[in-house]
Structure formats: C-alpha cells, structure tokens
file start.pdb (PDB, C-alpha atoms and all ligand atoms)
ATOM      1  CA  MET A1355     -21.318 -36.440  -9.850
ATOM      2  CA  ARG A1356     -23.148 -33.216  -9.124
ATOM      3  CA  ARG A1357     -24.145 -31.192 -12.172
ATOM      4  CA  LYS A1358     -21.996 -28.070 -12.509
ATOM      5  CA  VAL A1359     -23.586 -24.634 -12.260
ATOM      6  CA  THR A1360     -22.904 -22.957 -15.614
ATOM      7  CA  LYS A1361     -25.919 -20.641 -16.018
ATOM      8  CA  ALA A1362     -26.600 -17.449 -14.106
ATOM      9  CA  VAL A1363     -29.670 -15.238 -14.099
ATOM     10  CA  PHE A1364     -29.263 -11.477 -13.618
ATOM     11  CA  PRO A1365     -32.621  -9.919 -12.750
ATOM     12  CA  VAL A1366     -32.333  -6.308 -13.883
ATOM     13  CA  ALA A1367     -35.952  -5.461 -14.647
ATOM     14  CA  GLY A1368     -36.628  -3.374 -11.519
ATOM     15  CA  LEU A1369     -37.529   0.307 -11.791
ATOM     16  CA  GLY A1370     -34.632   1.534  -9.641
ATOM     17  CA  THR A1371     -36.779   4.259  -8.123
ATOM     18  CA  ARG A1372     -34.287   5.021  -5.355
ATOM     19  CA  PHE A1373     -31.971   6.497  -7.978
ATOM     20  CA  LEU A1374     -34.463   8.720  -9.758
ATOM     21  CA  PRO A1375     -34.025  10.944 -11.676
ATOM     22  CA  ALA A1376     -30.843   9.172 -12.941
ATOM     23  CA  THR A1377     -32.709   5.912 -13.589
ATOM     24  CA  LYS A1378     -35.315   7.683 -15.717
ATOM     25  CA  SER A1379     -33.017   7.050 -18.678
ATOM     26  CA  ILE A1380     -30.031   5.027 -17.350
ATOM     27  CA  PRO A1381     -30.426   1.462 -16.107
ATOM     28  CA  LYS A1382     -29.251   1.264 -12.483
ATOM     29  CA  GLU A1383     -26.844  -1.521 -13.434
ATOM     30  CA  ILE A1384     -24.987   0.808 -15.826
ATOM     31  CA  MET A1385     -24.154   3.280 -13.060
ATOM     32  CA  THR A1386     -20.436   3.197 -12.423
ATOM     33  CA  LEU A1387     -18.345   2.384  -9.393
ATOM     34  CA  VAL A1388     -15.142   4.250 -10.232
ATOM     35  CA  ASP A1389     -15.003   3.379 -13.959
ATOM     36  CA  ARG A1390     -16.898   0.121 -14.284
ATOM     37  CA  PRO A1391     -20.674  -0.300 -14.328
ATOM     38  CA  LEU A1392     -22.250  -2.376 -11.565
ATOM     39  CA  ILE A1393     -23.111  -5.089 -14.069
ATOM     40  CA  GLN A1394     -19.427  -5.604 -14.935
ATOM     41  CA  TYR A1395     -18.638  -6.525 -11.317
ATOM     42  CA  ALA A1396     -21.468  -9.068 -11.391
ATOM     43  CA  ILE A1397     -20.345 -10.602 -14.685
ATOM     44  CA  ASP A1398     -16.716 -10.861 -13.537
ATOM     45  CA  GLU A1399     -17.836 -12.593 -10.346
ATOM     46  CA  ALA A1400     -19.971 -15.035 -12.334
ATOM     47  CA  ARG A1401     -17.140 -15.853 -14.744
ATOM     48  CA  ALA A1402     -14.772 -16.497 -11.834
ATOM     49  CA  ALA A1403     -17.283 -19.036 -10.499
ATOM     50  CA  GLY A1404     -17.389 -20.990 -13.783
ATOM     51  CA  ILE A1405     -20.562 -19.469 -15.271
ATOM     52  CA  ARG A1406     -20.647 -19.720 -19.072
ATOM     53  CA  GLU A1407     -24.207 -18.660 -19.916
ATOM     54  CA  PHE A1408     -25.578 -15.316 -18.786
ATOM     55  CA  ILE A1409     -29.319 -14.707 -18.761
ATOM     56  CA  PHE A1410     -30.562 -11.160 -18.227
ATOM     57  CA  VAL A1411     -34.138 -10.512 -17.203
ATOM     58  CA  THR A1412     -34.718  -7.003 -18.526
ATOM     59  CA  SER A1413     -37.501  -4.527 -19.069
ATOM     60  CA  ARG A1414     -38.195  -1.451 -21.177
ATOM     61  CA  GLY A1415     -35.427   1.132 -21.212
ATOM     62  CA  LYS A1416     -32.547  -1.280 -20.577
ATOM     63  CA  GLY A1417     -31.077  -1.047 -24.102
ATOM     64  CA  ALA A1418     -27.825   0.473 -22.773
ATOM     65  CA  LEU A1419     -27.158  -2.817 -20.977
ATOM     66  CA  GLU A1420     -27.380  -4.822 -24.202
ATOM     67  CA  ASP A1421     -25.066  -2.391 -25.996
ATOM     68  CA  TYR A1422     -22.558  -2.515 -23.164
ATOM     69  CA  PHE A1423     -21.841  -6.197 -23.810
ATOM     70  CA  ASP A1424     -21.632  -5.846 -27.572
ATOM     71  CA  ASN A1425     -18.506  -5.196 -29.619
ATOM     72  CA  ALA A1426     -17.827  -1.537 -30.424
ATOM     73  CA  PRO A1427     -16.066  -1.788 -33.818
ATOM     74  CA  GLU A1428     -15.492   1.972 -34.425
ATOM     75  CA  LEU A1429     -14.159   2.572 -30.928
ATOM     76  CA  GLU A1430     -11.913  -0.495 -31.089
ATOM     77  CA  ALA A1431     -10.561   0.490 -34.541
ATOM     78  CA  SER A1432      -9.768   3.979 -33.321
ATOM     79  CA  LEU A1433      -7.933   2.701 -30.216
ATOM     80  CA  ARG A1434      -5.995   0.180 -32.345
ATOM     81  CA  GLU A1435      -4.948   2.910 -34.768
ATOM     82  CA  LYS A1436      -3.616   4.981 -31.871
ATOM     83  CA  GLY A1437      -1.833   1.976 -30.343
ATOM     84  CA  LYS A1438      -3.854   2.195 -27.101
ATOM     85  CA  THR A1439      -3.539  -1.476 -26.244
ATOM     86  CA  ALA A1440      -4.193  -1.084 -22.505
ATOM     87  CA  LEU A1441      -7.599   0.449 -23.250
ATOM     88  CA  LEU A1442      -8.307  -2.286 -25.816
ATOM     89  CA  ASP A1443      -7.607  -4.886 -23.121
ATOM     90  CA  ILE A1444     -10.058  -3.156 -20.782
ATOM     91  CA  LEU A1445     -12.726  -3.198 -23.492
ATOM     92  CA  ASP A1446     -12.050  -6.863 -24.130
ATOM     93  CA  SER A1447     -13.475  -7.844 -20.728
ATOM     94  CA  THR A1448     -16.826  -6.323 -21.762
ATOM     95  CA  ASN A1449     -17.188  -8.238 -25.022
ATOM     96  CA  MET A1450     -19.265 -11.363 -24.649
ATOM     97  CA  GLU A1451     -18.883 -14.338 -26.919
ATOM     98  CA  SER A1452     -21.773 -14.581 -29.415
ATOM     99  CA  GLY A1453     -24.572 -16.637 -27.927
ATOM    100  CA  ALA A1454     -23.253 -16.596 -24.347
ATOM    101  CA  ILE A1455     -25.634 -13.890 -23.276
ATOM    102  CA  ALA A1456     -29.406 -13.980 -23.559
ATOM    103  CA  TYR A1457     -32.125 -11.489 -22.718
ATOM    104  CA  VAL A1458     -35.649 -12.201 -21.649
ATOM    105  CA  ARG A1459     -38.257  -9.587 -20.820
ATOM    106  CA  GLN A1460     -40.274  -9.199 -17.670
ATOM    107  CA  ASN A1461     -43.289  -7.220 -18.874
ATOM    108  CA  ARG A1462     -44.274  -5.886 -15.452
ATOM    109  CA  PRO A1463     -42.114  -5.534 -12.323
ATOM    110  CA  MET A1464     -43.888  -8.244 -10.316
ATOM    111  CA  GLY A1465     -41.007  -8.994  -7.993
ATOM    112  CA  LEU A1466     -37.725 -10.880  -7.902
ATOM    113  CA  GLY A1467     -39.361 -14.318  -7.872
ATOM    114  CA  HIS A1468     -41.351 -13.457 -10.969
ATOM    115  CA  ALA A1469     -38.228 -12.105 -12.695
ATOM    116  CA  VAL A1470     -36.388 -15.403 -12.125
ATOM    117  CA  TRP A1471     -39.437 -17.353 -13.308
ATOM    118  CA  CYS A1472     -39.352 -15.356 -16.581
ATOM    119  CA  ALA A1473     -36.010 -17.048 -17.345
ATOM    120  CA  ARG A1474     -37.351 -20.584 -16.821
ATOM    121  CA  ARG A1475     -37.183 -21.724 -20.458
ATOM    122  CA  MET A1476     -33.572 -20.649 -20.791
ATOM    123  CA  ILE A1477     -32.576 -22.308 -17.531
ATOM    124  CA  GLY A1478     -34.206 -25.630 -18.353
ATOM    125  CA  ASP A1479     -33.723 -28.566 -16.004
ATOM    126  CA  GLU A1480     -30.454 -27.736 -14.270
ATOM    127  CA  PRO A1481     -29.171 -25.893 -11.214
ATOM    128  CA  PHE A1482     -28.511 -22.190 -11.785
ATOM    129  CA  ALA A1483     -27.140 -19.125 -10.027
ATOM    130  CA  VAL A1484     -28.940 -15.821  -9.448
ATOM    131  CA  ILE A1485     -26.907 -12.641  -9.019
ATOM    132  CA  LEU A1486     -28.414  -9.278  -8.071
ATOM    133  CA  PRO A1487     -25.952  -6.771  -9.531
ATOM    134  CA  ASP A1488     -26.809  -4.076  -6.984
ATOM    135  CA  ASP A1489     -25.264  -6.185  -4.238
ATOM    136  CA  VAL A1490     -21.567  -5.670  -4.940
ATOM    137  CA  ILE A1491     -19.162  -7.821  -2.948
ATOM    138  CA  ALA A1492     -15.458  -7.125  -2.513
ATOM    139  CA  ALA A1493     -13.755 -10.438  -1.677
ATOM    140  CA  ASN A1494     -10.458 -12.194  -2.325
ATOM    141  CA  THR A1495     -12.341 -15.284  -3.478
ATOM    142  CA  PRO A1496     -15.423 -13.982  -5.321
ATOM    143  CA  CYS A1497     -18.630 -14.671  -3.374
ATOM    144  CA  LEU A1498     -20.289 -16.883  -6.006
ATOM    145  CA  LYS A1499     -17.108 -18.968  -6.270
ATOM    146  CA  GLN A1500     -17.217 -19.514  -2.485
ATOM    147  CA  MET A1501     -20.827 -20.662  -2.901
ATOM    148  CA  VAL A1502     -20.140 -22.969  -5.856
ATOM    149  CA  ASP A1503     -17.339 -24.635  -3.868
ATOM    150  CA  ALA A1504     -19.643 -25.195  -0.882
ATOM    151  CA  TYR A1505     -22.467 -26.336  -3.194
ATOM    152  CA  GLU A1506     -20.295 -29.138  -4.564
ATOM    153  CA  GLU A1507     -20.588 -30.664  -1.093
ATOM    154  CA  THR A1508     -24.191 -29.836  -0.231
ATOM    155  CA  GLY A1509     -26.197 -29.682  -3.480
ATOM    156  CA  GLY A1510     -29.732 -28.328  -3.070
ATOM    157  CA  ALA A1511     -30.323 -24.609  -2.709
ATOM    158  CA  MET A1512     -27.796 -22.174  -1.300
ATOM    159  CA  VAL A1513     -28.128 -18.513  -0.378
ATOM    160  CA  ALA A1514     -25.416 -16.022   0.527
ATOM    161  CA  ALA A1515     -25.857 -14.846   4.102
ATOM    162  CA  MET A1516     -24.393 -12.167   6.327
ATOM    163  CA  GLU A1517     -24.880 -11.012   9.908
ATOM    164  CA  VAL A1518     -26.814  -7.743  10.215
ATOM    165  CA  PRO A1519     -27.540  -5.642  13.339
ATOM    166  CA  ASP A1520     -30.907  -6.235  15.096
ATOM    167  CA  GLU A1521     -32.387  -2.986  13.859
ATOM    168  CA  GLN A1522     -31.788  -3.996  10.218
ATOM    169  CA  THR A1523     -33.338  -7.487  10.217
ATOM    170  CA  SER A1524     -36.721  -6.097   9.112
ATOM    171  CA  SER A1525     -35.173  -5.031   5.780
ATOM    172  CA  TYR A1526     -34.001  -8.505   4.718
ATOM    173  CA  GLY A1527     -35.005 -12.119   4.256
ATOM    174  CA  ILE A1528     -33.812 -13.752   7.503
ATOM    175  CA  LEU A1529     -32.687 -17.364   8.006
ATOM    176  CA  ASP A1530     -33.759 -19.688  10.789
ATOM    177  CA  VAL A1531     -30.965 -22.278  10.952
ATOM    178  CA  SER A1532     -30.798 -25.733  12.507
ATOM    179  CA  GLU A1533     -27.111 -26.635  12.418
ATOM    180  CA  THR A1534     -23.933 -24.741  11.567
ATOM    181  CA  ARG A1535     -20.573 -26.115  10.418
ATOM    182  CA  GLY A1536     -17.955 -23.417   9.876
ATOM    183  CA  ASN A1537     -19.481 -20.846   7.522
ATOM    184  CA  LEU A1538     -22.259 -23.137   6.365
ATOM    185  CA  SER A1539     -25.684 -23.407   8.038
ATOM    186  CA  ARG A1540     -28.594 -25.697   7.257
ATOM    187  CA  VAL A1541     -31.734 -23.591   6.931
ATOM    188  CA  LYS A1542     -35.000 -24.765   8.515
ATOM    189  CA  ALA A1543     -37.096 -21.680   7.670
ATOM    190  CA  MET A1544     -36.851 -18.287   5.991
ATOM    191  CA  VAL A1545     -38.821 -15.178   6.879
ATOM    192  CA  GLU A1546     -39.086 -12.255   4.467
ATOM    193  CA  LYS A1547     -38.669  -8.884   6.241
ATOM    194  CA  PRO A1548     -39.735  -9.973   9.774
ATOM    195  CA  LYS A1549     -41.360  -7.387  12.046
ATOM    196  CA  ARG A1550     -38.982  -5.787  14.543
ATOM    197  CA  GLY A1551     -38.165  -8.093  17.425
ATOM    198  CA  THR A1552     -39.467 -11.248  15.693
ATOM    199  CA  ALA A1553     -36.449 -12.224  13.557
ATOM    200  CA  PRO A1554     -35.304 -15.819  14.190
ATOM    201  CA  SER A1555     -31.636 -14.799  13.779
ATOM    202  CA  ASN A1556     -29.384 -12.039  12.463
ATOM    203  CA  LEU A1557     -28.468 -13.968   9.342
ATOM    204  CA  ALA A1558     -29.721 -12.004   6.353
ATOM    205  CA  VAL A1559     -29.980 -13.249   2.769
ATOM    206  CA  ILE A1560     -28.238 -11.077   0.198
ATOM    207  CA  GLY A1561     -28.279 -11.155  -3.576
ATOM    208  CA  ARG A1562     -26.522 -14.403  -4.483
ATOM    209  CA  TYR A1563     -28.272 -17.742  -4.866
ATOM    210  CA  ILE A1564     -27.668 -21.206  -6.270
ATOM    211  CA  LEU A1565     -31.000 -22.862  -6.954
ATOM    212  CA  PRO A1566     -32.239 -26.222  -8.187
ATOM    213  CA  PRO A1567     -34.791 -26.307 -11.054
ATOM    214  CA  SER A1568     -37.525 -27.372  -8.591
ATOM    215  CA  VAL A1569     -37.590 -23.719  -7.446
ATOM    216  CA  LEU A1570     -38.899 -22.813 -10.917
ATOM    217  CA  GLU A1571     -41.795 -25.229 -10.452
ATOM    218  CA  SER A1572     -42.648 -23.578  -7.131
ATOM    219  CA  LEU A1573     -42.459 -20.167  -8.791
ATOM    220  CA  SER A1574     -44.866 -21.373 -11.495
ATOM    221  CA  ARG A1575     -47.371 -22.411  -8.830
ATOM    222  CA  ILE A1576     -46.973 -19.121  -6.925
ATOM    223  CA  SER A1577     -47.094 -17.036 -10.141
ATOM    224  CA  SER A1578     -50.432 -18.430 -11.201
ATOM    225  CA  GLY A1579     -52.066 -17.452  -7.890
ATOM    226  CA  ALA A1580     -50.365 -14.344  -6.618
ATOM    227  CA  GLY A1581     -51.647 -10.826  -7.238
ATOM    228  CA  GLY A1582     -48.811  -8.806  -5.693
ATOM    229  CA  GLU A1583     -45.029  -9.230  -5.803
ATOM    230  CA  ILE A1584     -43.762 -12.767  -6.213
ATOM    231  CA  GLN A1585     -40.983 -13.415  -3.714
ATOM    232  CA  LEU A1586     -38.060 -15.680  -4.464
ATOM    233  CA  THR A1587     -37.851 -16.366  -0.722
ATOM    234  CA  ASP A1588     -41.264 -18.071  -0.797
ATOM    235  CA  ALA A1589     -40.164 -20.470  -3.526
ATOM    236  CA  ILE A1590     -36.953 -21.320  -1.629
ATOM    237  CA  ALA A1591     -39.031 -21.894   1.516
ATOM    238  CA  HIS A1592     -40.998 -24.521  -0.472
ATOM    239  CA  GLU A1593     -37.756 -26.450  -0.923
ATOM    240  CA  ILE A1594     -37.526 -26.803   2.859
ATOM    241  CA  VAL A1595     -41.174 -27.842   3.174
ATOM    242  CA  ASP A1596     -40.621 -30.480   0.469
ATOM    243  CA  GLY A1597     -37.640 -31.864   2.435
ATOM    244  CA  ARG A1598     -34.888 -30.682   0.076
ATOM    245  CA  PRO A1599     -31.746 -29.109   1.552
ATOM    246  CA  VAL A1600     -31.300 -25.340   1.756
ATOM    247  CA  HIS A1601     -28.058 -23.887   3.088
ATOM    248  CA  GLY A1602     -26.877 -20.400   3.970
ATOM    249  CA  LEU A1603     -23.211 -19.606   3.383
ATOM    250  CA  ARG A1604     -21.669 -16.826   5.428
ATOM    251  CA  PHE A1605     -19.331 -15.617   2.690
ATOM    252  CA  VAL A1606     -16.033 -13.922   3.425
ATOM    253  CA  GLY A1607     -16.023 -10.387   1.989
ATOM    254  CA  ASP A1608     -17.566  -6.935   2.195
ATOM    255  CA  ARG A1609     -20.988  -6.405   0.687
ATOM    256  CA  PHE A1610     -22.219  -3.023  -0.486
ATOM    257  CA  ASP A1611     -25.898  -2.340  -1.076
ATOM    258  CA  CYS A1612     -25.511  -0.336  -4.269
ATOM    259  CA  GLY A1613     -29.297  -0.224  -4.653
ATOM    260  CA  SER A1614     -29.232   2.467  -1.960
ATOM    261  CA  LYS A1615     -27.555   5.864  -2.281
ATOM    262  CA  SER A1616     -25.585   5.515   0.908
ATOM    263  CA  GLY A1617     -24.335   2.016  -0.027
ATOM    264  CA  PHE A1618     -23.389   3.222  -3.493
ATOM    265  CA  LEU A1619     -21.342   6.110  -2.084
ATOM    266  CA  GLN A1620     -19.586   3.790   0.382
ATOM    267  CA  ALA A1621     -18.768   1.357  -2.418
ATOM    268  CA  THR A1622     -17.387   4.181  -4.559
ATOM    269  CA  VAL A1623     -14.988   5.166  -1.782
ATOM    270  CA  ALA A1624     -14.048   1.563  -0.939
ATOM    271  CA  PHE A1625     -13.374   0.594  -4.568
ATOM    272  CA  GLY A1626     -11.536   3.858  -5.163
ATOM    273  CA  LEU A1627      -9.248   3.113  -2.205
ATOM    274  CA  ARG A1628      -8.518  -0.366  -3.618
ATOM    275  CA  ARG A1629      -7.112   1.162  -6.800
ATOM    276  CA  ASP A1630      -3.356   1.816  -6.941
ATOM    277  CA  ASP A1631      -3.838   4.728  -9.354
ATOM    278  CA  LEU A1632      -6.402   6.517  -7.153
ATOM    279  CA  ARG A1633      -5.640   5.568  -3.545
ATOM    280  CA  ASP A1634      -3.247   8.403  -2.617
ATOM    281  CA  ASP A1635      -5.341  11.192  -4.116
ATOM    282  CA  LEU A1636      -8.575   9.909  -2.645
ATOM    283  CA  MET A1637      -7.057   9.249   0.763
ATOM    284  CA  GLY A1638      -5.556  12.755   0.774
ATOM    285  CA  TYR A1639      -8.966  14.228   0.003
ATOM    286  CA  LEU A1640     -10.737  12.166   2.685
ATOM    287  CA  ARG A1641      -8.144  13.242   5.273
ATOM    288  CA  HIS A1642      -8.614  16.853   4.224
ATOM    289  CA  LEU A1643     -12.416  16.541   4.626
ATOM    290  CA  MET A1644     -12.110  14.894   8.040
ATOM    291  CA  GLY A1645      -9.655  17.588   9.138
ATOM    292  CA  MET A1646     -12.103  20.324   8.109
ATOM    293  CA  ARG A1647     -14.911  18.547   9.923
ATOM    294  CA  ASN A1648     -12.915  18.105  13.112
ATOM    295  CA  ALA A1649     -11.832  21.757  13.016
ATOM    296  CA  ALA A1650     -15.460  22.856  12.669
ATOM    297  CA  GLU A1651     -16.589  20.833  15.699
TER     298      GLU A1651
HETATM  299  P1  LIG A1701     -35.002  -3.890  -5.815
HETATM  300  O1  LIG A1701     -35.792  -4.301  -4.666
HETATM  301  O2  LIG A1701     -33.693  -3.213  -5.563
HETATM  302  O3  LIG A1701     -35.905  -2.976  -6.734
HETATM  303  O4  LIG A1701     -34.777  -5.180  -6.710
HETATM  304  P2  LIG A1701     -35.493  -1.967  -7.885
HETATM  305  O5  LIG A1701     -36.707  -1.716  -8.714
HETATM  306  O6  LIG A1701     -34.295  -2.436  -8.644
HETATM  307  O7  LIG A1701     -35.064  -0.630  -7.115
HETATM  308  P3  LIG A1701     -35.898   0.419  -6.238
HETATM  309  O8  LIG A1701     -36.232  -0.281  -4.947
HETATM  310  O9  LIG A1701     -37.128   0.849  -7.015
HETATM  311  O10 LIG A1701     -34.938   1.553  -6.079
HETATM  312  C1  LIG A1701     -33.731  -6.109  -6.478
HETATM  313  C2  LIG A1701     -33.302  -6.729  -7.791
HETATM  314  O11 LIG A1701     -34.375  -7.445  -8.395
HETATM  315  C3  LIG A1701     -34.633  -6.952  -9.700
HETATM  316  C4  LIG A1701     -34.047  -5.545  -9.726
HETATM  317  O12 LIG A1701     -33.721  -5.152 -11.048
HETATM  318  C5  LIG A1701     -32.838  -5.694  -8.808
HETATM  319  O13 LIG A1701     -31.725  -6.244  -9.505
HETATM  320  N1  LIG A1701     -36.095  -6.985  -9.937
HETATM  321  C6  LIG A1701     -36.943  -6.550  -8.963
HETATM  322  C7  LIG A1701     -36.580  -7.438 -11.131
HETATM  323  O14 LIG A1701     -35.822  -7.827 -12.052
HETATM  324  N2  LIG A1701     -37.937  -7.463 -11.338
HETATM  325  C8  LIG A1701     -38.812  -7.050 -10.374
HETATM  326  O15 LIG A1701     -40.022  -7.117 -10.604
HETATM  327  C9  LIG A1701     -38.286  -6.579  -9.158
END
call {"tool": "encode", "arguments": {"input": "start.pdb", "output": "structure tokens"}}
result
Amino acid sequence: MRRKVTKAVFPVAGLGTRFLPATKSIPKEIMTLVDRPLIQYAIDEARAAGIREFIFVTSRGKGALEDYFDNAPELEASLREKGKTALLDILDSTNMESGAIAYVRQNRPMGLGHAVWCARRMIGDEPFAVILPDDVIAANTPCLKQMVDAYEETGGAMVAAMEVPDEQTSSYGILDVSETRGNLSRVKAMVEKPKRGTAPSNLAVIGRYILPPSVLESLSRISSGAGGEIQLTDAIAHEIVDGRPVHGLRFVGDRFDCGSKSGFLQATVAFGLRRDDLRDDLMGYLRHLMGMRNAAE
C-alpha cells in the first residue's frame, strides 16, 4: 500500500516585497481575505486532505504567524464569560494541537527549493505536500484533496496545474506533457518561466505539490552548488531525469494569486460574494460602482 501523505510544508519565509509597506511588519500570510488570514485557508485545505503535521518554514519577523496558531486564554475566557459561543467556535479552528505544528527557519531567502530543503529533517523519509499560502483556491473539493486522491493511483511527484493564456506562460513553471487521461497528465519536462513564444504548453504549475523524499536529496545536491535562488522546479525535473513519475493534475476550482495586489483584491471580492452574510451588501455596492462607471462613459 502507498504511504499516506500526512505532512505538509508551508514555505512562508519570503520577503513579500509586492505588499510593502504592509509586509514591513505583517507577514503576508496574516493578511486577511474577508476575516480569515491567508494561512487559515491553507491550513483548512491541508486538514481536509488528511494532513496531520504542519511544518512552517519561516524567517525573521514572522512571530505573528506563530501566535495565530496558539491558544489565546484571555480572549477565550472573555468570550466564554459573555456566552459568545459562535465566536469561540471560530477561534477553535485556529488552535493547533500541541506538537502538530513545527517551525524551522530559513536564514536567507534563497528561493522556494531552498525553503523546502530547510524542512528536510522534519519531513524525514516519506512523501509530503507543499502548500504556498499565497495561492488561494476556491473549490468544492479542496485542491490538495483532489491531488491526494489522484496520488493514491500514481504515486511519485504531483503538481497542481492550470491553463494560462499564452502571454502569461513566462511568469510560471510550465509543463511539457506526454500523455493525458482526464485531468491527469504525465510530465516529461518542466521549464521555469520560459521566454515568450517558447513555452511547451499552457499548463502552468501553481502552489500545490506532493513530493517524494528523493526530491530532498536532489535539493541537497543543488543547494551545495547553487549561488542564486534554488528552484523547486529543478529538483522535480530531476525526478523525471531519474525515471520516476511526475504528474500534473488540472484541479477543478478557481485559483487566486494572492501574492499580487490584483489577485488579492479579486479574491477579496470573490470570497466576499461567497458569504451569505455579506453577499447582498457587496453585490449592491459593486452594481452601484458599475452603474457610476457606465454613466461616466
Ligand atoms: P514569492 O515568489 O511570492 O516571493 O514566493 P515572496 O518573497 O513571498 O513575495 P514577493 O515576490 O517579494 O512579493 C512564493 C512562496 O515561497 C516562499 C514565500 O514565502 C511564498 O510563500 N519563499 C520564497 C520562501 O519561503 N523562501 C524563499 O526564499 C522564497
């Protein structure tokens, strides 16, 4: 039987420069979509996929993230006293069981591959998931759960993939695929940010991965030689060279790039419209704005 994926790595050590000045003192992952920080969406998705151990790769200035997942005894006591049980229930989803969450530091932002490599001792010799919290995915079946289900069949490495327009391929890792069955494609090569007009397909990799421990060995080899950023894509490409299977899963759902301002704003509107308590007000306001715009044109 295939070993279950129960550990997930959350690389959150980046500088988040696209959100300066906010990220001067607030970790990007604590920024809120409606009323929940980005990291909460990632954790909920991981839990729904069967993840039990959560490994954060952090850096200086990310203390707010650690506090977010801790109990808040004074706050909880005050809510209990006032009988605010609904709010207590909301807080409950943020409390992590002791020992389920671990933090490891990346001393310098040397890239996503390096961040994952920093977690190698905690991952050990088993398959693991990687979730980038700034890719937020709205889906009926959470994206990582879709991947874990497909992985039970394929094993090996799996990346979440989505079709992007031609003019955007140069911003992503792009898959070159050999065969496709339904939503699942076997990958024969991966190119990180191909030059315009050279992309082998429109299938872009986004921030969800299931990886075998052999990827950590590749990262160790790359880490010892590389001077610049260490790409996770390069280590996954080694899997293909070594003859191990790599698949891309075209997940069903809407992905928002919350690492960019425009993506974050779109996600805020989309998640606001999904909420029963906010939909009517927000929709009314959007209609009002559109009406004003149309009148001005
Ligand atoms: P990004 O490319 O979005 O970089 O990283 P960033 O630093 O977070 O943001 P900008 O571009 O400066 O605005 C993608 C993911 O990889 C993590 C980030 O925290 C983010 O979750 N990462 C990136 C690391 O953990 N370490 C790194 O060295 C680089």
call {"tool": "resolve_selection", "arguments": {"input": "start.pdb", "expression": "the PyMOL selection byres (((chain A and resi 1407) around 7) and not hetatm)", "output": "PDB file with C-alpha atoms, in the coordinates of the input"}}
result
ATOM      1  CA  THR A1360     -22.904 -22.957 -15.614  1.00  0.00           C
ATOM      2  CA  LYS A1361     -25.919 -20.641 -16.018  1.00  0.00           C
ATOM      3  CA  ALA A1362     -26.600 -17.449 -14.106  1.00  0.00           C
ATOM      4  CA  ILE A1405     -20.562 -19.469 -15.271  1.00  0.00           C
ATOM      5  CA  ARG A1406     -20.647 -19.720 -19.072  1.00  0.00           C
ATOM      6  CA  PHE A1408     -25.578 -15.316 -18.786  1.00  0.00           C
ATOM      7  CA  ILE A1409     -29.319 -14.707 -18.761  1.00  0.00           C
ATOM      8  CA  ALA A1454     -23.253 -16.596 -24.347  1.00  0.00           C
ATOM      9  CA  ILE A1455     -25.634 -13.890 -23.276  1.00  0.00           C
TER      10      ILE A1455
END
call {"tool": "resolve_selection", "arguments": {"input": "start.pdb", "expression": "the PyMOL selection byres (((chain A and resi 1528) around 10) and not hetatm)", "output": "PyMOL selection string"}}
result
chain A and resi 1515-1518+1523-1527+1529-1531+1543-1548+1553-1560+1587
call {"tool": "residues_near_ligand", "arguments": {"input": "start.pdb", "ligand": "ligand LIG 1701 (chain A)", "cutoff": "6 Å", "atoms": "all atoms listed in the file", "output": "list in words"}}
result
Pro1365, Val1366, Ala1367, Gly1368, Leu1369, Gly1370, Thr1371, Arg1372, Pro1463, Met1464, Gly1465, Leu1466, Ala1469, Leu1486, Pro1487, Asp1488 and Gly1613 of chain A
call {"tool": "write_last_selection", "arguments": {"input": "start.pdb", "atoms": "C-alpha atoms", "output": "PDB file, keeping the file's coordinate frame"}}
result
ATOM      1  CA  PRO A1365     -32.621  -9.919 -12.750  1.00  0.00           C
ATOM      2  CA  VAL A1366     -32.333  -6.308 -13.883  1.00  0.00           C
ATOM      3  CA  ALA A1367     -35.952  -5.461 -14.647  1.00  0.00           C
ATOM      4  CA  GLY A1368     -36.628  -3.374 -11.519  1.00  0.00           C
ATOM      5  CA  LEU A1369     -37.529   0.307 -11.791  1.00  0.00           C
ATOM      6  CA  GLY A1370     -34.632   1.534  -9.641  1.00  0.00           C
ATOM      7  CA  THR A1371     -36.779   4.259  -8.123  1.00  0.00           C
ATOM      8  CA  ARG A1372     -34.287   5.021  -5.355  1.00  0.00           C
ATOM      9  CA  PRO A1463     -42.114  -5.534 -12.323  1.00  0.00           C
ATOM     10  CA  MET A1464     -43.888  -8.244 -10.316  1.00  0.00           C
ATOM     11  CA  GLY A1465     -41.007  -8.994  -7.993  1.00  0.00           C
ATOM     12  CA  LEU A1466     -37.725 -10.880  -7.902  1.00  0.00           C
ATOM     13  CA  ALA A1469     -38.228 -12.105 -12.695  1.00  0.00           C
ATOM     14  CA  LEU A1486     -28.414  -9.278  -8.071  1.00  0.00           C
ATOM     15  CA  PRO A1487     -25.952  -6.771  -9.531  1.00  0.00           C
ATOM     16  CA  ASP A1488     -26.809  -4.076  -6.984  1.00  0.00           C
ATOM     17  CA  GLY A1613     -29.297  -0.224  -4.653  1.00  0.00           C
TER      18      GLY A1613
END
call {"tool": "resolve_selection", "arguments": {"input": "start.pdb", "expression": "the PyMOL selection byres (((chain A and resi 1615) around 12) and not hetatm)", "output": "list of chain:residue names"}}
result
A:Gly1370, A:Thr1371, A:Arg1372, A:Phe1373, A:Leu1374, A:Ala1376, A:Lys1382, A:Met1385, A:Asp1488, A:Phe1610, A:Asp1611, A:Cys1612, A:Gly1613, A:Ser1614, A:Ser1616, A:Gly1617, A:Phe1618, A:Leu1619, A:Gln1620, A:Ala1621, A:Thr1622
call {"tool": "residues_around", "arguments": {"input": "start.pdb", "residues": "region 1535-1542 of chain A", "least_positions_apart": "4", "cutoff": "8 Å", "atoms": "only C-alpha atoms", "output": "list in words"}}
result
Ala1504, Leu1529, Asp1530, Val1531, Ile1594, Pro1599, Val1600, His1601, Gly1602, Leu1603, Arg1604 and Phe1605 of chain A
call {"tool": "closest_residue", "arguments": {"input": "start.pdb", "among": "A:Leu1570, A:Ala1624, A:Met1355, A:Ala1403", "to": "Thr1495 (chain A)", "atoms": "only C-alpha atoms"}}
result
A:Ala1403
call {"tool": "atom_distance", "arguments": {"input": "start.pdb", "atom1": "CA of Leu1627 (chain A)", "atom2": "CA of Asp1520 (chain A)"}}
result
29.3 Å
call {"tool": "atom_distance", "arguments": {"input": "start.pdb", "atom1": "CA of Glu1480 (chain A)", "atom2": "CA of Arg1598 (chain A)"}}
result
15.3 Å
call {"tool": "atom_distance", "arguments": {"input": "start.pdb", "atom1": "CA of Asn1461 (chain A)", "atom2": "CA of Ser1413 (chain A)"}}
result
6.4 Å
call {"tool": "closest_residue", "arguments": {"input": "start.pdb", "among": "A:Gly1607, A:Gly1510, A:Pro1567, A:Pro1381", "to": "Glu1420 (chain A)", "atoms": "only C-alpha atoms"}}
result
A:Pro1381
call {"tool": "closest_residue", "arguments": {"input": "start.pdb", "among": "A:Ala1426, A:Val1458, A:Ala1511, A:Val1411", "to": "Gly1597 (chain A)", "atoms": "only C-alpha atoms"}}
result
A:Ala1511
